[in-house]
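*Asks:* Contents of target_18.txt (compact mmCIF, C-alpha atoms) are below:
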# COMPACT_ATOMS: atom_id res chain seq x y z
CA MET A 244 0.00 0.00 0.00
CA GLY A 245 1.06 3.59 -0.60
CA ILE A 246 4.56 4.76 -1.31
CA ALA A 247 6.02 1.43 -2.43
CA ALA A 248 4.56 1.44 -5.92
CA MET A 249 3.78 4.93 -6.95
CA LEU A 250 3.77 7.07 -10.01
CA GLU A 251 4.61 10.69 -9.58
CA ALA A 252 4.56 13.63 -11.97
CA ARG A 253 6.69 16.62 -11.13
CA GLN A 254 6.19 19.97 -12.85
CA LEU A 255 5.41 18.33 -16.18
CA GLU A 256 5.33 20.56 -19.20
CA CYS A 257 4.52 19.65 -22.77
CA THR A 258 4.91 21.80 -25.86
CA ARG A 259 4.01 20.82 -29.37
CA GLY A 260 5.60 23.17 -31.88
CA ASP A 261 5.02 26.67 -30.51
CA ARG A 262 1.99 25.70 -28.49
CA ARG A 263 2.25 24.94 -24.80
CA LEU A 264 -0.26 22.20 -24.04
CA PHE A 265 0.21 22.14 -20.29
CA SER A 266 2.81 23.12 -17.74
CA GLY A 267 3.51 22.76 -14.04
CA LEU A 268 1.45 19.58 -13.79
CA ASN A 269 1.89 17.67 -10.53
CA PHE A 270 0.14 14.55 -9.31
CA THR A 271 0.84 11.25 -7.61
CA LEU A 272 -0.83 7.93 -8.11
CA GLY A 273 -0.80 5.21 -5.49
CA ARG A 274 -2.01 1.64 -5.31
CA GLY A 275 -5.71 1.16 -5.98
CA GLN A 276 -6.12 4.61 -7.47
CA LEU A 277 -7.70 5.54 -10.77
CA LEU A 278 -6.51 8.61 -12.63
CA ARG A 279 -8.82 10.06 -15.19
CA VAL A 280 -7.34 12.58 -17.62
CA ALA A 281 -9.95 14.99 -18.89
CA GLY A 282 -9.79 17.79 -21.41
CA ALA A 283 -11.08 18.95 -24.76
CA ASN A 284 -9.81 17.55 -28.07
CA GLY A 285 -6.26 18.74 -28.63
CA SER A 286 -5.67 19.62 -25.00
CA GLY A 287 -2.81 17.14 -24.71
CA LYS A 288 -4.40 14.04 -23.17
CA THR A 289 -2.64 11.59 -25.46
CA SER A 290 0.61 13.54 -25.12
CA LEU A 291 0.36 13.28 -21.34
CA LEU A 292 -0.25 9.53 -21.55
CA ARG A 293 2.73 9.09 -23.88
CA ILE A 294 4.88 11.06 -21.45
CA MET A 295 3.66 8.84 -18.62
CA CYS A 296 4.70 5.75 -20.61
CA GLY A 297 8.12 7.17 -21.35
CA LEU A 298 7.57 7.23 -25.10
CA VAL A 299 7.97 10.99 -25.19
CA ALA A 300 10.16 13.19 -23.03
CA PRO A 301 8.35 16.10 -21.35
CA SER A 302 9.74 19.50 -22.32
CA ALA A 303 10.25 20.15 -18.60
CA GLY A 304 9.78 18.22 -15.41
CA GLU A 305 9.88 14.45 -15.00
CA MET A 306 7.88 11.32 -14.30
CA ARG A 307 8.99 9.14 -11.42
CA TRP A 308 8.21 5.51 -10.70
CA GLN A 309 8.96 4.38 -7.14
CA GLY A 310 11.02 7.51 -6.69
CA ARG A 311 13.24 7.01 -9.73
CA SER A 312 12.99 8.74 -13.10
CA ILE A 313 11.23 6.47 -15.59
CA ARG A 314 13.68 7.36 -18.34
CA SER A 315 16.69 6.16 -16.38
CA GLU A 316 15.29 2.65 -15.91
CA ARG A 317 13.27 2.20 -19.03
CA GLU A 318 13.03 -1.59 -19.31
CA GLU A 319 12.37 -2.07 -15.61
CA TYR A 320 9.54 0.49 -15.77
CA SER A 321 8.12 -0.98 -18.97
CA ARG A 322 7.74 -4.36 -17.30
CA ASN A 323 5.42 -2.69 -14.76
CA LEU A 324 3.26 -1.13 -17.43
CA VAL A 325 0.61 -2.02 -19.96
CA TYR A 326 -0.10 0.75 -22.46
CA ILE A 327 -2.99 0.58 -24.89
CA GLY A 328 -2.89 3.57 -27.18
CA HIS A 329 -5.51 4.76 -29.60
CA LEU A 330 -3.88 2.48 -32.17
CA ASN A 331 -4.72 -1.13 -31.41
CA ALA A 332 -1.19 -2.39 -32.17
CA LEU A 333 -2.50 -5.40 -34.09
CA LYS A 334 -0.77 -6.74 -37.19
CA ASP A 335 -3.38 -7.17 -39.93
CA ASP A 336 -1.80 -10.36 -41.26
CA LEU A 337 -1.52 -12.13 -37.91
CA THR A 338 -4.46 -13.83 -36.24
CA ALA A 339 -5.89 -12.41 -33.03
CA LEU A 340 -4.23 -15.23 -31.09
CA GLU A 341 -0.82 -14.67 -32.71
CA ASN A 342 -1.09 -10.95 -32.05
CA LEU A 343 -1.66 -11.60 -28.35
CA GLN A 344 1.13 -14.16 -28.17
CA VAL A 345 3.66 -11.79 -29.71
CA ALA A 346 2.55 -8.97 -27.42
CA ALA A 347 2.85 -11.20 -24.35
CA ALA A 348 6.24 -12.60 -25.37
CA LEU A 349 7.68 -9.12 -25.98
CA GLY A 350 6.40 -8.08 -22.56
CA GLY A 351 8.36 -10.97 -21.07
CA LYS A 352 5.24 -12.92 -20.12
CA PRO A 353 4.38 -16.55 -20.94
CA ALA A 354 2.68 -16.86 -24.32
CA ASP A 355 0.77 -20.15 -24.05
CA ALA A 356 -2.33 -20.35 -26.21
CA GLY A 357 -4.68 -21.46 -23.41
CA ARG A 358 -4.27 -18.25 -21.42
CA MET A 359 -4.59 -16.17 -24.57
CA LEU A 360 -7.87 -17.86 -25.46
CA ALA A 361 -9.16 -17.23 -21.95
CA GLY A 362 -8.29 -13.54 -22.37
CA LEU A 363 -10.10 -13.37 -25.71
CA ASP A 364 -13.05 -15.21 -24.20
CA ARG A 365 -13.30 -12.61 -21.45
CA PHE A 366 -14.00 -9.99 -24.11
CA GLY A 367 -16.23 -12.29 -26.16
CA VAL A 368 -13.94 -12.61 -29.16
CA GLU A 369 -12.71 -16.17 -28.69
CA HIS A 370 -14.35 -17.18 -31.98
CA CYS A 371 -12.06 -14.65 -33.73
CA ALA A 372 -8.87 -16.23 -32.37
CA GLU A 373 -7.89 -17.90 -35.64
CA LEU A 374 -9.01 -15.04 -37.88
CA PRO A 375 -6.49 -12.53 -39.26
CA ALA A 376 -6.94 -9.15 -37.59
CA LYS A 377 -7.68 -7.46 -40.92
CA VAL A 378 -11.10 -9.14 -41.21
CA LEU A 379 -12.21 -8.06 -37.72
CA SER A 380 -14.51 -5.10 -37.17
CA GLN A 381 -13.28 -1.97 -35.39
CA GLY A 382 -14.99 -3.02 -32.15
CA GLN A 383 -13.63 -6.56 -32.34
CA ARG A 384 -10.11 -5.23 -32.90
CA ARG A 385 -10.49 -3.04 -29.82
CA ARG A 386 -11.68 -6.06 -27.83
CA VAL A 387 -8.64 -8.08 -28.95
CA ALA A 388 -6.34 -5.23 -27.94
CA LEU A 389 -8.05 -4.97 -24.54
CA ALA A 390 -7.69 -8.72 -24.01
CA ARG A 391 -4.05 -7.91 -23.21
CA LEU A 392 -5.34 -6.43 -19.94
CA ALA A 393 -7.07 -9.65 -18.96
CA LEU A 394 -3.71 -11.40 -19.43
CA ALA A 395 -1.78 -8.93 -17.29
CA PRO A 396 -3.51 -8.75 -13.89
CA ALA A 397 -0.13 -8.76 -12.13
CA VAL A 398 1.23 -5.77 -14.02
CA PRO A 399 0.55 -2.87 -11.65
CA LEU A 400 0.12 0.11 -13.96
CA TRP A 401 -2.35 0.22 -16.84
CA ILE A 402 -2.32 3.29 -19.09
CA LEU A 403 -5.28 3.37 -21.47
CA ASP A 404 -5.97 5.92 -24.18
CA GLU A 405 -9.71 6.05 -24.94
CA PRO A 406 -10.24 2.37 -24.00
CA PHE A 407 -14.02 2.61 -24.38
CA SER A 408 -14.03 3.84 -27.98
CA ALA A 409 -15.74 1.53 -30.50
CA LEU A 410 -16.99 -0.80 -27.73
CA ASP A 411 -20.60 -1.90 -27.33
CA VAL A 412 -22.47 -1.84 -24.01
CA ALA A 413 -21.52 -5.41 -23.04
CA ALA A 414 -17.82 -4.81 -23.67
CA VAL A 415 -17.93 -1.49 -21.77
CA MET A 416 -19.37 -3.30 -18.75
CA GLU A 417 -16.77 -6.07 -19.03
CA LEU A 418 -13.96 -3.52 -19.15
CA GLU A 419 -15.40 -1.57 -16.20
CA GLY A 420 -15.48 -4.81 -14.21
CA LEU A 421 -11.92 -5.66 -15.20
CA LEU A 422 -10.66 -2.21 -14.21
CA ALA A 423 -12.51 -2.36 -10.89
CA SER A 424 -11.02 -5.74 -9.99
CA HIS A 425 -7.55 -4.52 -11.00
CA LEU A 426 -7.94 -1.48 -8.75
CA ALA A 427 -9.33 -3.61 -5.93
CA SER A 428 -6.26 -5.83 -6.05
CA GLY A 429 -3.95 -2.82 -5.68
CA GLY A 430 -3.35 -1.95 -9.31
CA MET A 431 -3.29 1.51 -10.82
CA VAL A 432 -5.22 2.72 -13.86
CA VAL A 433 -4.75 5.86 -15.92
CA LEU A 434 -7.29 6.52 -18.63
CA THR A 435 -8.75 9.14 -20.90
CA THR A 436 -12.37 8.94 -21.94
CA HIS A 437 -15.16 11.14 -23.20
CA GLN A 438 -17.80 8.73 -21.98
CA GLU A 439 -19.21 8.65 -18.49
CA VAL A 440 -18.01 5.38 -17.04
CA GLN A 441 -18.63 3.71 -13.75
CA VAL A 442 -15.47 2.23 -12.36
CA VAL A 443 -15.47 1.33 -8.72
CA ALA A 444 -12.31 2.61 -7.11
CA HIS A 445 -11.56 3.74 -3.61
CA ALA A 446 -9.88 6.84 -4.97
CA VAL A 447 -10.40 8.65 -8.25
CA LEU A 448 -8.02 11.37 -9.32
CA ARG A 449 -8.90 13.73 -12.08
CA VAL A 450 -6.44 15.75 -14.08
CA ASP A 451 -8.17 18.41 -16.12
CA LEU A 452 -5.96 19.75 -18.87
CA ASP A 453 -8.38 22.58 -19.71
CA LEU A 454 -8.28 23.94 -16.17
CA HIS A 455 -4.67 22.90 -15.46
CA THR A 456 -5.67 21.22 -12.25
CA ALA A 457 -5.15 17.92 -10.60
CA ALA A 458 -7.66 17.05 -7.93
CA LEU A 459 -8.61 14.12 -5.78
CA LEU A 460 -12.32 13.54 -6.35
CA ALA A 461 -13.11 10.78 -3.91
CA ALA A 462 -11.05 9.03 -1.30
CA MET B 122 16.54 -11.56 -24.32
CA ILE B 123 17.25 -14.35 -26.78
CA ARG B 124 13.61 -15.37 -26.39
CA ALA B 125 12.42 -11.88 -27.32
CA LEU B 126 14.76 -11.84 -30.32
CA GLY B 127 13.34 -15.20 -31.38
CA TRP B 128 9.77 -13.90 -31.14
CA VAL B 129 10.51 -10.80 -33.20
CA LEU B 130 12.25 -12.95 -35.80
CA ARG B 131 9.38 -15.42 -35.85
CA ARG B 132 6.82 -12.63 -36.10
CA ASP B 133 8.55 -10.85 -38.99
CA LEU B 134 9.15 -14.09 -40.92
CA LEU B 135 5.51 -15.05 -40.46
CA LEU B 136 4.38 -11.62 -41.67
CA ALA B 137 6.72 -11.86 -44.67
CA PHE B 138 5.35 -15.32 -45.43
CA ARG B 139 1.77 -13.99 -45.35
CA ARG B 140 2.80 -11.12 -47.63
CA ARG B 141 5.00 -13.09 -50.00
CA GLY B 142 4.45 -10.54 -52.77
CA ASP B 143 6.67 -7.97 -51.04
CA VAL B 144 9.55 -10.41 -50.78
CA VAL B 145 9.17 -11.56 -54.36
CA ASN B 146 9.08 -7.94 -55.61
CA ALA B 147 12.64 -7.19 -54.54
CA LEU B 148 13.89 -10.47 -55.97
CA VAL B 149 12.12 -9.90 -59.30
CA PHE B 150 13.59 -6.39 -59.45
CA PHE B 151 17.08 -7.87 -58.94
CA VAL B 152 16.60 -10.52 -61.62
CA ILE B 153 15.14 -8.10 -64.17
CA VAL B 154 17.79 -5.40 -63.75
CA VAL B 155 20.65 -7.90 -63.97
CA SER B 156 19.09 -9.71 -66.94
CA LEU B 157 18.57 -6.50 -68.92
CA PHE B 158 22.27 -5.65 -69.00
CA PRO B 159 23.46 -8.46 -71.32
CA LEU B 160 20.55 -7.58 -73.62
CA GLY B 161 21.41 -3.90 -73.54
CA VAL B 162 25.18 -3.99 -74.02
CA GLY B 163 25.38 -6.89 -76.46
CA PRO B 164 26.75 -10.42 -76.29
CA GLU B 165 30.49 -9.58 -76.22
CA ALA B 166 31.67 -12.17 -73.62
CA SER B 167 34.79 -10.42 -72.32
CA GLN B 168 32.92 -7.14 -71.90
CA LEU B 169 30.15 -8.90 -69.96
CA ARG B 170 32.67 -10.67 -67.73
CA ASN B 171 34.28 -7.32 -66.88
CA MET B 172 31.08 -5.59 -65.89
CA ALA B 173 29.38 -8.53 -64.17
CA PRO B 174 30.60 -7.85 -60.60
CA GLY B 175 29.57 -4.20 -60.71
CA VAL B 176 26.16 -4.87 -62.25
CA LEU B 177 25.29 -7.67 -59.84
CA TRP B 178 26.41 -5.72 -56.81
CA VAL B 179 24.65 -2.47 -57.80
CA ALA B 180 21.42 -4.38 -58.49
CA ALA B 181 21.68 -6.21 -55.15
CA LEU B 182 22.27 -2.92 -53.36
CA LEU B 183 19.26 -1.25 -54.95
CA ALA B 184 17.03 -4.29 -54.35
CA CYS B 185 18.03 -4.23 -50.68
CA MET B 186 17.31 -0.51 -50.44
CA LEU B 187 13.87 -0.92 -52.01
CA SER B 188 12.74 -3.08 -49.11
CA LEU B 189 13.99 -0.74 -46.36
CA ALA B 190 10.71 1.18 -46.18
CA ARG B 191 9.02 -2.02 -44.96
CA LEU B 192 11.47 -2.54 -42.11
CA PHE B 193 9.84 -0.20 -39.57
CA GLY B 194 7.17 1.64 -41.60
CA PRO B 195 4.21 -0.75 -41.19
CA ASP B 196 4.99 -1.31 -37.49
CA HIS B 197 5.03 2.45 -36.98
CA ALA B 198 1.70 2.87 -38.74
CA ASP B 199 -0.23 0.24 -36.75
CA GLY B 200 1.22 1.02 -33.33
CA THR B 201 3.17 -2.21 -32.81
CA LEU B 202 6.45 -0.29 -32.89
CA GLU B 203 5.21 1.75 -29.92
CA GLN B 204 4.63 -1.51 -28.06
CA MET B 205 8.13 -2.71 -28.92
CA LEU B 206 9.56 0.45 -27.37
CA LEU B 207 7.62 -0.40 -24.20
CA ALA B 208 8.42 -4.11 -24.36
CA GLY B 209 10.48 -4.45 -21.22
CA GLU B 210 13.27 -5.96 -23.32
CA PRO B 211 16.21 -3.92 -24.63
CA LEU B 212 15.16 -2.28 -27.88
CA VAL B 213 18.56 -3.12 -29.40
CA VAL B 214 17.75 -6.82 -29.18
CA LEU B 215 14.38 -6.35 -30.88
CA VAL B 216 16.00 -4.24 -33.62
CA MET B 217 18.55 -7.02 -34.19
CA GLY B 218 15.70 -9.50 -34.62
CA LYS B 219 14.01 -7.25 -37.15
CA VAL B 220 17.21 -6.66 -39.11
CA LEU B 221 17.97 -10.39 -39.15
CA ALA B 222 14.47 -11.09 -40.49
CA HIS B 223 14.93 -8.35 -43.09
CA TRP B 224 18.19 -9.91 -44.27
CA LEU B 225 16.69 -13.40 -44.45
CA MET B 226 13.84 -12.03 -46.55
CA SER B 227 15.68 -9.56 -48.78
CA GLY B 228 19.43 -10.35 -48.69
CA LEU B 229 19.60 -14.12 -48.61
CA PRO B 230 17.39 -14.68 -51.70
CA LEU B 231 19.74 -12.40 -53.65
CA VAL B 232 22.76 -14.42 -52.53
CA LEU B 233 21.10 -17.64 -53.65
CA MET B 234 20.00 -16.19 -56.98
CA ALA B 235 23.34 -14.51 -57.83
CA PRO B 236 25.26 -17.53 -59.22
CA LEU B 237 22.47 -18.26 -61.67
CA LEU B 238 22.49 -14.67 -62.89
CA GLY B 239 26.29 -14.66 -62.99
CA LEU B 240 26.12 -17.36 -65.66
CA GLN B 241 24.45 -14.85 -67.99
CA PHE B 242 27.67 -12.86 -67.81
CA ASP B 243 29.91 -15.86 -68.56
CA LEU B 244 31.57 -15.65 -65.12
CA PRO B 245 33.95 -18.58 -64.41
CA GLY B 246 33.31 -20.92 -61.46
CA ASP B 247 35.78 -19.40 -59.00
CA ALA B 248 34.47 -15.88 -59.68
CA LEU B 249 30.90 -17.10 -59.10
CA ALA B 250 31.93 -18.59 -55.76
CA VAL B 251 33.58 -15.35 -54.68
CA LEU B 252 30.54 -13.37 -55.87
CA CYS B 253 28.30 -15.47 -53.64
CA LEU B 254 30.66 -15.21 -50.69
CA SER B 255 31.01 -11.43 -51.07
CA LEU B 256 27.22 -11.03 -51.22
CA LEU B 257 26.84 -13.35 -48.22
CA ILE B 258 29.12 -11.11 -46.16
CA GLY B 259 28.03 -7.84 -47.75
CA THR B 260 24.21 -7.98 -47.79
CA PRO B 261 23.90 -8.18 -43.97
CA VAL B 262 25.94 -4.95 -43.85
CA LEU B 263 23.43 -3.40 -46.27
CA SER B 264 20.52 -4.44 -44.02
CA LEU B 265 22.26 -3.18 -40.87
CA ILE B 266 23.23 0.22 -42.30
CA GLY B 267 19.84 0.46 -43.97
CA SER B 268 18.05 -0.06 -40.66
CA VAL B 269 19.65 3.13 -39.31
CA GLY B 270 18.47 5.08 -42.34
CA ALA B 271 14.99 3.57 -42.15
CA ALA B 272 14.71 4.42 -38.45
CA LEU B 273 15.94 7.98 -38.95
CA THR B 274 13.41 8.72 -41.70
CA LEU B 275 10.46 7.06 -39.98
CA GLY B 276 7.27 9.08 -40.37
CA VAL B 277 8.96 11.67 -42.57
CA ARG B 278 7.30 12.69 -45.80
CA GLY B 279 9.23 11.53 -48.89
CA SER B 280 11.23 9.16 -46.72
CA GLY B 281 12.11 6.93 -49.70
CA VAL B 282 14.37 9.52 -51.31
CA LEU B 283 15.74 10.57 -47.95
CA VAL B 284 16.73 7.00 -47.07
CA ALA B 285 18.60 6.73 -50.35
CA LEU B 286 20.48 9.97 -49.66
CA LEU B 287 21.36 8.83 -46.15
CA VAL B 288 22.47 5.28 -46.74
CA LEU B 289 23.98 5.36 -50.26
CA PRO B 290 27.22 7.09 -49.16
CA LEU B 291 27.60 4.41 -46.48
CA TYR B 292 26.88 1.66 -49.00
CA VAL B 293 29.67 2.83 -51.32
CA PRO B 294 32.59 1.13 -49.48
CA VAL B 295 30.63 -2.14 -49.36
CA LEU B 296 29.93 -1.85 -53.08
CA ILE B 297 33.57 -1.10 -53.93
CA PHE B 298 35.03 -4.00 -51.97
CA GLY B 299 32.21 -6.39 -52.82
CA ALA B 300 32.46 -5.87 -56.56
CA GLY B 301 36.25 -5.52 -56.22
CA SER B 302 36.55 -9.00 -54.71
CA VAL B 303 34.99 -10.60 -57.80
CA GLY B 304 37.10 -8.46 -60.11
CA ALA B 305 40.26 -9.39 -58.20
CA THR B 306 39.50 -13.11 -58.55
CA ALA B 307 39.00 -12.72 -62.28
CA ALA B 308 42.28 -10.76 -62.52
CA GLY B 309 44.05 -13.53 -60.57
CA THR B 310 45.22 -11.42 -57.61
CA GLY B 311 43.02 -13.20 -55.06
CA ALA B 312 40.02 -11.85 -53.18
CA GLU B 313 41.12 -12.36 -49.56
CA ALA B 314 41.93 -8.72 -48.86
CA HIS B 315 38.57 -7.54 -50.19
CA LEU B 316 36.62 -10.19 -48.33
CA LEU B 317 38.46 -9.50 -45.08
CA LEU B 318 37.59 -5.83 -45.39
CA LEU B 319 33.95 -6.75 -46.03
CA GLY B 320 34.10 -8.93 -42.91
CA GLY B 321 35.44 -5.94 -41.03
CA PHE B 322 32.51 -3.80 -42.21
CA LEU B 323 30.13 -6.53 -41.07
CA ALA B 324 31.68 -6.70 -37.61
CA LEU B 325 31.63 -2.92 -37.25
CA SER B 326 28.05 -2.48 -38.43
CA LEU B 327 26.89 -5.41 -36.30
CA VAL B 328 28.20 -3.60 -33.22
CA LEU B 329 27.13 -0.05 -34.08
CA ALA B 330 24.03 -0.19 -36.31
CA PRO B 331 21.50 -1.77 -33.88
CA TRP B 332 22.34 0.82 -31.22
CA ALA B 333 22.05 3.66 -33.71
CA SER B 334 18.74 2.29 -35.04
CA ALA B 335 17.33 1.90 -31.53
CA ALA B 336 18.29 5.47 -30.65
CA ALA B 337 16.81 6.74 -33.92
CA LEU B 338 13.54 4.88 -33.27
CA ARG B 339 13.22 6.53 -29.85
CA ILE B 340 13.73 9.92 -31.47
CA ALA B 341 11.22 9.13 -34.21
CA MET B 342 8.58 8.36 -31.54
CA GLU B 343 8.92 11.75 -29.82
Turn the structure described in the file into structure tokens.

*Replies:*
Amino acid sequence: MGIAAMLEARQLECTRGDRRLFSGLNFTLGRGQLLRVAGANGSGKTSLLRIMCGLVAPSAGEMRWQGRSIRSEREEYSRNLVYIGHLNALKDDLTALENLQVAAALGGKPADAGRMLAGLDRFGVEHCAELPAKVLSQGQRRRVALARLALAPAVPLWILDEPFSALDVAAVMELEGLLASHLASGGMVVLTTHQEVQVVAHAVLRVDLDLHTAALLAA
Amino acid sequence: MIRALGWVLRRDLLLAFRRRGDVVNALVFFVIVVSLFPLGVGPEASQLRNMAPGVLWVAALLACMLSLARLFGPDHADGTLEQMLLAGEPLVVLVMGKVLAHWLMSGLPLVLMAPLLGLQFDLPGDALAVLCLSLLIGTPVLSLIGSVGAALTLGVRGSGVLVALLVLPLYVPVLIFGAGSVGATAAGTGAEAHLLLLGGFLALSLVLAPWASAAALRIAME
């Protein structure tokens, strides 16, 4: 609980071209906490998430994981992280199952087909396992991408960019349940969404990039 | 780490197998370009023998360069490259896997096809053997150097021309010593010196290129 596994942003600033998207952003995220990043289109939500993953360097400030800068121990930090961006990261010519296996293997996790199928089943796309990703619908592709979460319950930090886009009601509920159980078991979730979602968490943080604030909503 | 390299290799070979057309394209380009020369310059055997090493090597170099856009481009477009950067395994290892797959798909077929094409130029047996050996040592260098260029121009408009401008100067020494080795065999001076230098290039690029590509990929993601 608490300090041991914690993500911390210190005076983050992000500029794109001449435009300053945000600056002086501070927040901390502890076990069991959900961070929701809000803001209008173009306010820098995706940029913030990419900074939090370590894909992009902030123009000022730094992200810290367990007190150490994430860019100094990249691989170690990456093993504690699942990032699902707005691209689904699926190869069109690989089947859904192969896509998951490659993703798991590159994350240093076991890639046995049984677990993968269970993950796909969780999101109701088990029947697509042997189909190449290019024939799947947008929603099915999103479900396959999200199945990576069901396979990574032990990875503490999930960073999700618009995870609810293209999902139907059943899949939204499934994902909400998955996020809630991850949070309940001490995981951390960071997400952006335009939809109103119900995720049970004992603490919800909200970073609003329009108002340049970070606030604890419920504790 | 070896496991991750194996998975990247397996993944890229599987993708290449499912998109066989791309692999065949580069090979067909190589065969066509090389085959047009004897038709264009006439059937004078001694003239053909003299120009064979240069023609085969230039065609191999261009065929290799044609396929560079596919090295990181599709992975960048569908977001899988992003995931590789966050893989929890050193990016250098993953880049090595990708470059190895690229060589197996674009370099090795050229090496295997070269002796057959060399016959069109009336190359003697020992020259054909040296040609194959020089391509076997030289084409991995082309893939390795090319990966740096491909990574540097990732997501840039008109990246095809830019890659050519970046990597061609670095390809020149490989071309000179590769074609030179075949010429030296034909002239009777022996090809060891040329081949050893090619080996040196391979060792150097094997050490430096994956690091440079990995660094360039991180920059391209920013």

*Asks:* Provide as a list in words the residues of chain A at most 8 Å from chain B, counting only C-alpha atoms.

*Replies:* Cys296, Leu298, Val299, Ala300, Arg317, Glu318, Glu319, Tyr320, Ser321, Arg322, Tyr326, Gly328, Leu330, Asn331, Ala332, Leu333, Lys334, Asp336, Leu337, Val345, Ala346, Ala348, Leu349, Gly350 and Gly351 of chain A

*Asks:* My list of candidates is B:Ser264, B:Gly228, B:Val216, B:Leu240. Which is closest to Leu338 of chain B when distances are computed with only C-alpha atoms?

*Replies:*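 Closest to Leu338 of chain B, using only C-alpha atoms: B:Val216.
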
*Asks:* Would you list the contacts of Arg262 of chain A as a PyMOL selection string, taking every protein, DNA or RNA residue within 12 Å and counting only C-alpha atoms, but skipping same-chain residues closer than 5 positions in sequence?

*Replies:* chain A and resi 256-257+285-287+302

*Asks:* Would you work out the distance separating atom CA of Phe158 of chain B from atom CA of Ala285 of chain B, expressed in Å to one decimal?

*Replies:* 22.7 Å

*Asks:* Just want the 9 Å neighbourhood of Val443 of chain A, counted on all atoms listed in the file, with same-chain residues fewer than 2 positions away dropped. Output as an NGL selection string.

*Replies:* :A and (419-420 or 422-424 or 426-427 or 441 or 445-447)

*Asks:* May I ask for the distance between atom CA of Leu289 of chain B and atom CA of Leu189 of chain B, given in Å to one decimal place?

*Replies:*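 These atoms are spaced 12.3 Å apart.
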
*Asks:* Enter the distance from atom CA of Val282 of chain B to atom CA of Val155 of chain B, in Å, rounded to one decimal.

*Replies:*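 Value for the atom CA of Val282 of chain B-atom CA of Val155 of chain B distance: 22.4 Å.
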
*Asks:* Closest to Thr274 of chain B among B:Ala190, B:Leu134, B:Gly161, B:Leu325, using only C-alpha atoms?

*Replies:*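 Closest to Thr274 of chain B, using only C-alpha atoms: B:Ala190.
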
*Asks:* Within 7 Å of Gly259 of chain B, counting only C-alpha atoms, which residues show up once you throw out same-chain ones fewer than 2 positions away? Write them as an NGL selection string, please.

*Replies:* :B and (255-257 or 261-263 or 295 or 299 or 319)

*Asks:* Using only C-alpha atoms, which protein or nucleic acid residues come within 12 Å of Glu417 of chain A? Drop anything in the same chain fewer than 5 positions from it, and give the result as a count of residues only.

*Replies:* 22

*Asks:* Reconstruct N, CA and C atoms of segment 276-288 of chain A from the incomplete input and present them as a PDB file, in the coordinates of the input.

*Replies:*
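Printed below is result.pdb as written:
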ATOM      1  N   GLN A 276      -5.551   3.326  -7.048  1.00  0.00           N
ATOM      2  CA  GLN A 276      -6.120   4.610  -7.470  1.00  0.00           C
ATOM      3  C   GLN A 276      -6.321   4.658  -8.989  1.00  0.00           C
ATOM      4  N   LEU A 277      -7.378   5.345  -9.352  1.00  0.00           N
ATOM      5  CA  LEU A 277      -7.700   5.540 -10.770  1.00  0.00           C
ATOM      6  C   LEU A 277      -7.452   7.009 -11.105  1.00  0.00           C
ATOM      7  N   LEU A 278      -6.733   7.237 -12.186  1.00  0.00           N
ATOM      8  CA  LEU A 278      -6.510   8.610 -12.630  1.00  0.00           C
ATOM      9  C   LEU A 278      -7.221   8.807 -13.949  1.00  0.00           C
ATOM     10  N   ARG A 279      -8.126   9.776 -13.952  1.00  0.00           N
ATOM     11  CA  ARG A 279      -8.820  10.060 -15.190  1.00  0.00           C
ATOM     12  C   ARG A 279      -8.328  11.387 -15.748  1.00  0.00           C
ATOM     13  N   VAL A 280      -7.834  11.363 -16.983  1.00  0.00           N
ATOM     14  CA  VAL A 280      -7.340  12.580 -17.620  1.00  0.00           C
ATOM     15  C   VAL A 280      -8.451  13.145 -18.477  1.00  0.00           C
ATOM     16  N   ALA A 281      -8.860  14.362 -18.151  1.00  0.00           N
ATOM     17  CA  ALA A 281      -9.950  14.990 -18.890  1.00  0.00           C
ATOM     18  C   ALA A 281      -9.430  16.199 -19.647  1.00  0.00           C
ATOM     19  N   GLY A 282     -10.182  16.614 -20.638  1.00  0.00           N
ATOM     20  CA  GLY A 282      -9.790  17.790 -21.410  1.00  0.00           C
ATOM     21  C   GLY A 282     -10.412  17.734 -22.785  1.00  0.00           C
ATOM     22  N   ALA A 283     -10.476  18.889 -23.422  1.00  0.00           N
ATOM     23  CA  ALA A 283     -11.080  18.950 -24.760  1.00  0.00           C
ATOM     24  C   ALA A 283     -10.163  18.285 -25.774  1.00  0.00           C
ATOM     25  N   ASN A 284     -10.650  18.074 -26.993  1.00  0.00           N
ATOM     26  CA  ASN A 284      -9.810  17.550 -28.070  1.00  0.00           C
ATOM     27  C   ASN A 284      -8.617  18.483 -28.267  1.00  0.00           C
ATOM     28  N   GLY A 285      -7.445  17.910 -28.380  1.00  0.00           N
ATOM     29  CA  GLY A 285      -6.260  18.740 -28.630  1.00  0.00           C
ATOM     30  C   GLY A 285      -5.681  19.381 -27.391  1.00  0.00           C
ATOM     31  N   SER A 286      -6.192  18.997 -26.211  1.00  0.00           N
ATOM     32  CA  SER A 286      -5.670  19.620 -25.000  1.00  0.00           C
ATOM     33  C   SER A 286      -4.418  18.908 -24.484  1.00  0.00           C
ATOM     34  N   GLY A 287      -4.065  17.792 -25.094  1.00  0.00           N
ATOM     35  CA  GLY A 287      -2.810  17.140 -24.710  1.00  0.00           C
ATOM     36  C   GLY A 287      -2.987  15.871 -23.904  1.00  0.00           C
ATOM     37  N   LYS A 288      -4.182  15.262 -23.950  1.00  0.00           N
ATOM     38  CA  LYS A 288      -4.400  14.040 -23.170  1.00  0.00           C
ATOM     39  C   LYS A 288      -3.488  12.911 -23.631  1.00  0.00           C
TER      40      LYS A 288
END
